[in-house]
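Chemist: Structure file target-v2.cif (mmCIF, C-alpha atoms) is given on the next line.
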data_structure
loop_
_atom_site.group_PDB
_atom_site.id
_atom_site.type_symbol
_atom_site.label_atom_id
_atom_site.label_comp_id
_atom_site.auth_asym_id
_atom_site.auth_seq_id
_atom_site.Cartn_x
_atom_site.Cartn_y
_atom_site.Cartn_z
ATOM 1 C CA MET A 239 -3.705 -9.840 -1.316
ATOM 2 C CA SER A 240 -6.010 -6.892 -0.677
ATOM 3 C CA MET A 241 -4.844 -3.400 0.149
ATOM 4 C CA LEU A 242 -7.088 -1.927 2.817
ATOM 5 C CA CYS A 243 -7.341 1.558 4.311
ATOM 6 C CA ASN A 244 -8.410 2.786 7.730
ATOM 7 C CA VAL A 245 -8.782 6.340 8.982
ATOM 8 C CA TYR A 246 -8.342 6.892 12.719
ATOM 9 C CA ARG A 247 -9.453 9.835 14.832
ATOM 10 C CA ILE A 248 -6.810 10.702 17.408
ATOM 11 C CA ARG A 249 -6.603 13.356 20.081
ATOM 12 C CA PRO A 250 -4.122 16.261 19.726
ATOM 13 C CA GLU A 251 -2.000 14.960 22.613
ATOM 14 C CA GLN A 252 -1.729 11.559 20.888
ATOM 15 C CA ALA A 253 -0.699 13.304 17.657
ATOM 16 C CA GLU A 254 1.944 15.296 19.523
ATOM 17 C CA TYR A 255 3.212 12.108 21.174
ATOM 18 C CA LEU A 256 3.548 10.451 17.750
ATOM 19 C CA LYS A 257 5.697 13.346 16.528
ATOM 20 C CA HIS A 258 8.251 12.533 19.239
ATOM 21 C CA PHE A 259 7.793 8.749 19.261
ATOM 22 C CA PRO A 260 6.630 7.734 15.745
ATOM 23 C CA ASP A 261 6.916 4.017 16.474
ATOM 24 C CA ALA A 262 4.191 4.413 19.114
ATOM 25 C CA VAL A 263 1.807 4.242 16.162
ATOM 26 C CA SER A 264 2.044 0.478 16.674
ATOM 27 C CA ASP A 265 0.332 0.896 20.053
ATOM 28 C CA LEU A 266 -2.397 3.125 18.603
ATOM 29 C CA LEU A 267 -3.130 0.781 15.715
ATOM 30 C CA GLY A 268 -2.913 -2.321 17.883
ATOM 31 C CA PHE A 269 -0.034 -4.172 16.246
ATOM 32 C CA GLU A 270 3.508 -5.032 17.180
ATOM 33 C CA ALA A 271 6.247 -2.989 15.525
ATOM 34 C CA PRO A 272 8.812 -4.983 13.543
ATOM 35 C CA ALA A 273 12.225 -5.499 15.079
ATOM 36 C CA PRO A 274 14.795 -2.885 14.015
ATOM 37 C CA LYS A 275 16.946 -3.896 11.054
ATOM 38 C CA ARG A 276 20.654 -4.257 11.453
ATOM 39 C CA GLY A 277 22.827 -2.109 9.229
ATOM 40 C CA PHE A 278 25.763 -3.305 7.164
ATOM 41 C CA PHE A 279 28.416 -2.503 9.800
ATOM 42 C CA SER A 280 26.334 -4.032 12.588
ATOM 43 C CA ARG A 281 26.131 -7.276 10.647
ATOM 44 C CA LEU A 282 29.814 -7.097 9.733
ATOM 45 C CA PHE A 283 30.995 -6.526 13.319
ATOM 46 C CA GLY A 284 28.271 -8.557 15.050
ATOM 47 C CA LYS A 285 26.624 -5.614 16.821
ATOM 48 C CA PRO A 286 22.899 -5.766 17.562
ATOM 49 C CA ALA A 287 20.493 -3.374 15.900
ATOM 50 C CA VAL A 288 19.808 -0.223 17.885
ATOM 51 C CA PRO A 289 16.120 0.252 18.543
ATOM 52 C CA PRO A 290 14.611 3.726 18.104
ATOM 53 C CA ALA A 291 14.083 5.928 21.152
ATOM 54 C CA ALA A 292 11.586 4.221 23.392
ATOM 55 C CA ALA A 293 8.410 5.938 24.375
ATOM 56 C CA SER A 294 7.858 6.497 28.070
ATOM 57 C CA GLY A 295 4.569 4.593 28.071
ATOM 58 C CA LYS A 296 2.202 2.673 25.849
ATOM 59 C CA LEU A 297 -0.708 4.336 24.112
ATOM 60 C CA GLU A 298 -4.099 2.682 24.213
ATOM 61 C CA PRO A 299 -5.268 1.358 20.822
ATOM 62 C CA VAL A 300 -7.730 3.557 18.957
ATOM 63 C CA SER A 301 -11.271 2.423 19.711
ATOM 64 C CA ALA A 302 -13.619 1.032 17.075
ATOM 65 C CA ALA A 303 -15.743 4.190 17.454
ATOM 66 C CA ASN A 304 -12.731 6.259 16.376
ATOM 67 C CA THR A 305 -11.840 4.015 13.434
ATOM 68 C CA PHE A 306 -13.308 4.316 9.959
ATOM 69 C CA GLU A 307 -12.673 1.257 7.803
ATOM 70 C CA LEU A 308 -12.688 2.053 4.098
ATOM 71 C CA GLU A 309 -11.562 -1.483 3.336
ATOM 72 C CA GLN A 310 -11.254 -1.893 -0.454
ATOM 73 C CA THR A 311 -13.238 1.199 -1.462
ATOM 74 C CA TRP A 312 -10.341 3.505 -0.627
ATOM 75 C CA HIS A 313 -8.671 3.322 -4.061
ATOM 76 C CA ILE A 314 -11.803 4.018 -6.107
ATOM 77 C CA LEU A 315 -12.758 6.870 -3.766
ATOM 78 C CA HIS A 316 -9.243 8.271 -4.061
ATOM 79 C CA PHE A 317 -9.523 8.088 -7.852
ATOM 80 C CA LEU A 318 -12.959 9.687 -7.977
ATOM 81 C CA LEU A 319 -11.921 12.495 -5.622
ATOM 82 C CA SER A 320 -8.441 13.210 -7.014
ATOM 83 C CA GLY A 321 -8.672 12.107 -10.638
ATOM 84 C CA GLY A 322 -5.564 9.913 -10.368
ATOM 85 C CA ASN A 323 -4.413 6.523 -9.165
ATOM 86 C CA ALA A 324 -1.483 7.713 -7.044
ATOM 87 C CA GLU A 325 -0.518 10.756 -5.009
ATOM 88 C CA GLY A 326 -2.218 13.932 -6.079
ATOM 89 C CA PRO A 327 -3.329 17.438 -5.113
ATOM 90 C CA TRP A 328 -4.216 18.336 -1.543
ATOM 91 C CA PRO A 329 -6.794 17.828 -0.085
ATOM 92 C CA MET A 330 -8.421 15.777 -2.875
ATOM 93 C CA ALA A 331 -5.754 13.069 -2.575
ATOM 94 C CA PHE A 332 -5.659 12.905 1.232
ATOM 95 C CA LEU A 333 -6.206 9.132 1.220
ATOM 96 C CA MET A 334 -2.829 8.594 -0.469
ATOM 97 C CA SER A 335 -0.788 11.707 0.256
ATOM 98 C CA GLY A 336 -0.319 14.498 2.749
ATOM 99 C CA GLY A 337 0.458 14.525 6.417
ATOM 100 C CA VAL A 338 3.576 13.266 8.161
ATOM 101 C CA GLU A 339 4.627 9.622 7.975
ATOM 102 C CA VAL A 340 4.890 7.949 11.386
ATOM 103 C CA GLY A 341 6.123 4.510 12.315
ATOM 104 C CA PRO A 342 7.105 1.537 10.169
ATOM 105 C CA ASP A 343 6.009 0.663 6.656
ATOM 106 C CA LEU A 344 2.652 -1.078 6.952
ATOM 107 C CA GLY A 345 2.655 -2.507 3.440
ATOM 108 C CA TYR A 346 1.853 0.608 1.461
ATOM 109 C CA GLY A 347 4.089 2.969 3.383
ATOM 110 C CA ALA A 348 3.890 4.255 6.918
ATOM 111 C CA ALA A 349 0.721 5.590 8.486
ATOM 112 C CA ARG A 350 0.285 9.321 7.850
ATOM 113 C CA LEU A 351 -0.558 11.755 10.622
ATOM 114 C CA ILE A 352 -2.795 14.615 9.475
ATOM 115 C CA SER A 353 -2.984 17.632 11.771
ATOM 116 C CA PRO A 354 -6.256 19.045 13.113
ATOM 117 C CA ALA A 355 -5.920 22.051 10.755
ATOM 118 C CA HIS A 356 -5.495 19.773 7.741
ATOM 119 C CA THR A 357 -8.343 17.579 8.981
ATOM 120 C CA ARG A 358 -10.573 20.674 8.803
ATOM 121 C CA GLU A 359 -9.423 21.204 5.193
ATOM 122 C CA ILE A 360 -10.323 17.604 4.335
ATOM 123 C CA THR A 361 -13.708 18.019 5.996
ATOM 124 C CA ALA A 362 -14.438 21.189 4.009
ATOM 125 C CA PHE A 363 -13.397 19.466 0.788
ATOM 126 C CA LEU A 364 -15.568 16.398 1.468
ATOM 127 C CA GLY A 365 -18.470 18.730 2.230
ATOM 128 C CA SER A 366 -18.114 20.257 -1.235
ATOM 129 C CA VAL A 367 -18.326 16.931 -3.093
ATOM 130 C CA SER A 368 -21.703 16.210 -4.659
ATOM 131 C CA PHE A 369 -23.209 13.000 -5.967
ATOM 132 C CA GLY A 370 -23.108 14.565 -9.447
ATOM 133 C CA MET A 371 -19.344 15.071 -9.161
ATOM 134 C CA LEU A 372 -18.884 11.449 -8.159
ATOM 135 C CA GLU A 373 -21.138 10.272 -10.979
ATOM 136 C CA ALA A 374 -19.304 12.397 -13.573
ATOM 137 C CA ALA A 375 -15.951 10.894 -12.530
ATOM 138 C CA TYR A 376 -17.276 7.312 -12.564
ATOM 139 C CA ILE A 377 -16.304 6.306 -16.092
ATOM 140 C CA PRO A 378 -15.660 2.535 -16.215
ATOM 141 C CA GLU A 379 -13.153 2.714 -19.089
ATOM 142 C CA THR A 380 -11.135 5.413 -17.316
ATOM 143 C CA ILE A 381 -11.208 3.496 -14.028
ATOM 144 C CA GLU A 382 -9.956 0.327 -15.732
ATOM 145 C CA ALA A 383 -7.279 2.209 -17.715
ATOM 146 C CA ALA A 384 -5.974 3.757 -14.475
ATOM 147 C CA GLU A 385 -5.670 0.256 -12.948
ATOM 148 C CA ILE A 386 -7.761 1.166 -9.941
ATOM 149 C CA TYR A 387 -8.304 -1.570 -7.394
ATOM 150 C CA TRP A 388 -12.015 -1.737 -8.251
ATOM 151 C CA ARG A 389 -14.093 -3.496 -10.859
ATOM 152 C CA PRO A 390 -16.792 -1.229 -12.306
ATOM 153 C CA SER A 391 -19.829 -3.065 -13.600
ATOM 154 C CA SER A 392 -20.728 -2.924 -17.269
ATOM 155 C CA ASP A 393 -24.433 -3.092 -16.386
ATOM 156 C CA ALA A 394 -26.057 0.359 -15.966
ATOM 157 C CA MET A 395 -28.214 -0.705 -12.996
ATOM 158 C CA GLU A 396 -25.267 -2.297 -11.216
ATOM 159 C CA GLN A 397 -23.156 0.805 -11.910
ATOM 160 C CA ARG A 398 -25.846 2.929 -10.283
ATOM 161 C CA GLN A 399 -25.804 0.610 -7.257
ATOM 162 C CA GLN A 400 -22.002 0.882 -7.079
ATOM 163 C CA LEU A 401 -22.274 4.675 -7.179
ATOM 164 C CA ASP A 402 -24.967 4.669 -4.495
ATOM 165 C CA ASP A 403 -22.771 2.472 -2.291
ATOM 166 C CA LEU A 404 -19.729 4.701 -2.838
ATOM 167 C CA TRP A 405 -21.794 7.805 -2.080
ATOM 168 C CA ARG A 406 -22.952 6.209 1.190
ATOM 169 C CA VAL A 407 -19.354 5.403 2.189
ATOM 170 C CA LEU A 408 -18.263 8.937 1.279
ATOM 171 C CA ALA A 409 -21.099 10.430 3.366
ATOM 172 C CA GLU A 410 -20.035 8.293 6.332
ATOM 173 C CA LEU A 411 -16.389 9.325 5.859
ATOM 174 C CA ARG A 412 -17.464 12.987 5.707
ATOM 175 C CA ALA A 413 -19.396 12.583 8.992
ATOM 176 C CA PHE A 414 -16.381 10.871 10.586
ATOM 177 C CA CYS A 415 -14.062 13.723 9.532
ATOM 178 C CA GLU A 416 -16.611 16.330 10.655
ATOM 179 C CA ALA A 417 -16.661 14.779 14.126
ATOM 180 C CA ALA A 418 -12.857 14.844 14.213
ATOM 181 C CA SER A 419 -12.815 18.488 13.079
ATOM 182 C CA GLU A 420 -15.422 19.545 15.612
ATOM 183 C CA GLY A 421 -13.436 17.817 18.356
ATOM 184 C CA GLY A 422 -10.176 19.487 17.279
ATOM 185 C CA ASP A 423 -8.712 16.055 16.569
ATOM 186 C CA ALA A 424 -6.109 14.841 14.096
ATOM 187 C CA ILE A 425 -6.548 11.844 11.826
ATOM 188 C CA LEU A 426 -4.226 9.033 10.948
ATOM 189 C CA VAL A 427 -4.506 7.335 7.547
ATOM 190 C CA SER A 428 -3.172 3.811 7.212
ATOM 191 C CA ILE A 429 -3.058 1.790 3.995
ATOM 192 C CA TYR A 430 -1.941 -1.773 4.576
#
Before anything else, please render the file you have as structure tokens.
Modeler:
Amino acid sequence: MSMLCNVYRIRPEQAEYLKHFPDAVSDLLGFEAPAPKRGFFSRLFGKPAVPPAAASGKLEPVSAANTFELEQTWHILHFLLSGGNAEGPWPMAFLMSGGVEVGPDLGYGAARLISPAHTREITAFLGSVSFGMLEAAYIPETIEAAEIYWRPSSDAMEQRQQLDDLWRVLAELRAFCEAASEGGDAILVSIY
């Protein structure tokens, strides 16, 4: 099973709404939230599970134009940017850490809401990354030793193509975050 990652651009009012009604993330991401789990005493005494506070209305799903699909490149990009395979320093590790968790576990934790101010920090960081930095971090033996969800090629020409492809994805992610920053928007990161 693949672990995928999407980054969503959301308006400040949507972000504020999620702070009060975190399960509304299901509406934004276009999926149905799981039923609440019953606790030990509820099962023992036959009481139904108590759902979380209901939101006053449904949010429209985030449009395709406001969704950036990293798919399977997220883990290698995280590694190349942060130097690790798990949580790490801010903002280099923004794909795996930072922000406020909202809603249910989507497979690799809950979606994380990143404020407009922190989105600007991510944008500035991504703007400082050069192709040379990416290339210097792309060491196949290190990537394999860190158990990154990525298979680096052993062929030099194929490695260069992989780097070129990753650089293109990173440039597109930078542009996506720049648009969010310029619009004063928050982002939501979901690994599932």
Chemist: How many Å lie between CA of Arg358 in chain A and CA of Met371 in chain A, rounded to one decimal?
Modeler: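 Taking CA of Arg358 in chain A and CA of Met371 in chain A, their separation equals 20.8 Å.
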Chemist: Using the chain letters and residue numbers of this document, give as a ChimeraX atom specification the residues selected by the PyMOL selection byres ((chain A and resi 239-246) around 10).
Modeler: /A:247-249,266-267,300-313,333-334,345-346,349-351,387,411,414-415,418,423-430
Chemist: Step by step, work through what the PyMOL selection byres ((chain A and resi 380) around 12) selects in the shown file, and finish by giving those residues as a list of chain:residue names.
Modeler: A:Ile314, A:Phe317, A:Leu318, A:Gly321, A:Gly322, A:Asn323, A:Ala374, A:Ala375, A:Tyr376, A:Ile377, A:Pro378, A:Glu379, A:Ile381, A:Glu382, A:Ala383, A:Ala384, A:Glu385, A:Ile386, A:Trp388, A:Arg389, A:Pro390
Chemist: Could you jot down the CA of Met330 in chain A to CA of Gly421 in chain A separation for me, Å, one decimal place?
Modeler: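 These atoms are spaced 21.9 Å apart.
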Chemist: Using all atoms listed in the file for the distances, tell me which of A:Leu344, A:Val338, A:Ala413, A:Ile352 is nearest to Ser264 in chain A.
Modeler: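 For Ser264 in chain A, the nearest of the candidates is A:Leu344.
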Chemist: From the list A:Ser419, A:Ser366, A:Ser392, A:Ser320, which residue is nearest Phe332 in chain A when using only C-alpha atoms?
Modeler: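 The answer is A:Ser320, which sits nearest to Phe332 in chain A.
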Chemist: Just how far from CA of Glu298 in chain A is CA of Gly268 in chain A, in Å to one decimal?
Modeler: 8.2 Å
Chemist: Please evaluate the PyMOL selection byres ((chain A and resi 329) around 9) against the structure above and give the resulting residues as a list in words.
Modeler: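 The output of the PyMOL selection byres ((chain A and resi 329) around 9) on this file is Ser320, Gly326, Pro327, Trp328, Met330, Ala331, Phe332, Leu333, Ser335, Gly336, His356, Glu359, Ile360 and Phe363 of chain A.
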Chemist: Go through A:Ser353, A:Ala394, A:Leu404, A:Gly365 and flag the residue nearest His316 in chain A, using only C-alpha atoms for the distances.
Modeler: A:Leu404
Chemist: When you count only C-alpha atoms, which of these residues is closest to Lys257 in chain A: A:Pro299, A:Gly341, A:Pro354, A:Asp402?
Modeler: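 Using only C-alpha atoms, Lys257 in chain A sits closest to A:Gly341.
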Chemist: Edge lengths and centre in Å to one decimal, as lines of an AutoDock Vina configuration file, of the axis-aligned box that encloses all listed atoms of range 319-336 of chain A with 3 Å added on every side?
Modeler:
center_x = -6.1
center_y = 12.4
center_z = -3.9
size_x = 17.6
size_y = 17.8
size_z = 19.4
Chemist: For Glu373 in chain A, which residue among A:Ala348, A:Leu319, A:Tyr255, A:Glu339 is the nearest when counting all atoms listed in the file?
Modeler: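 Closest to Glu373 in chain A of all the choices is A:Leu319.
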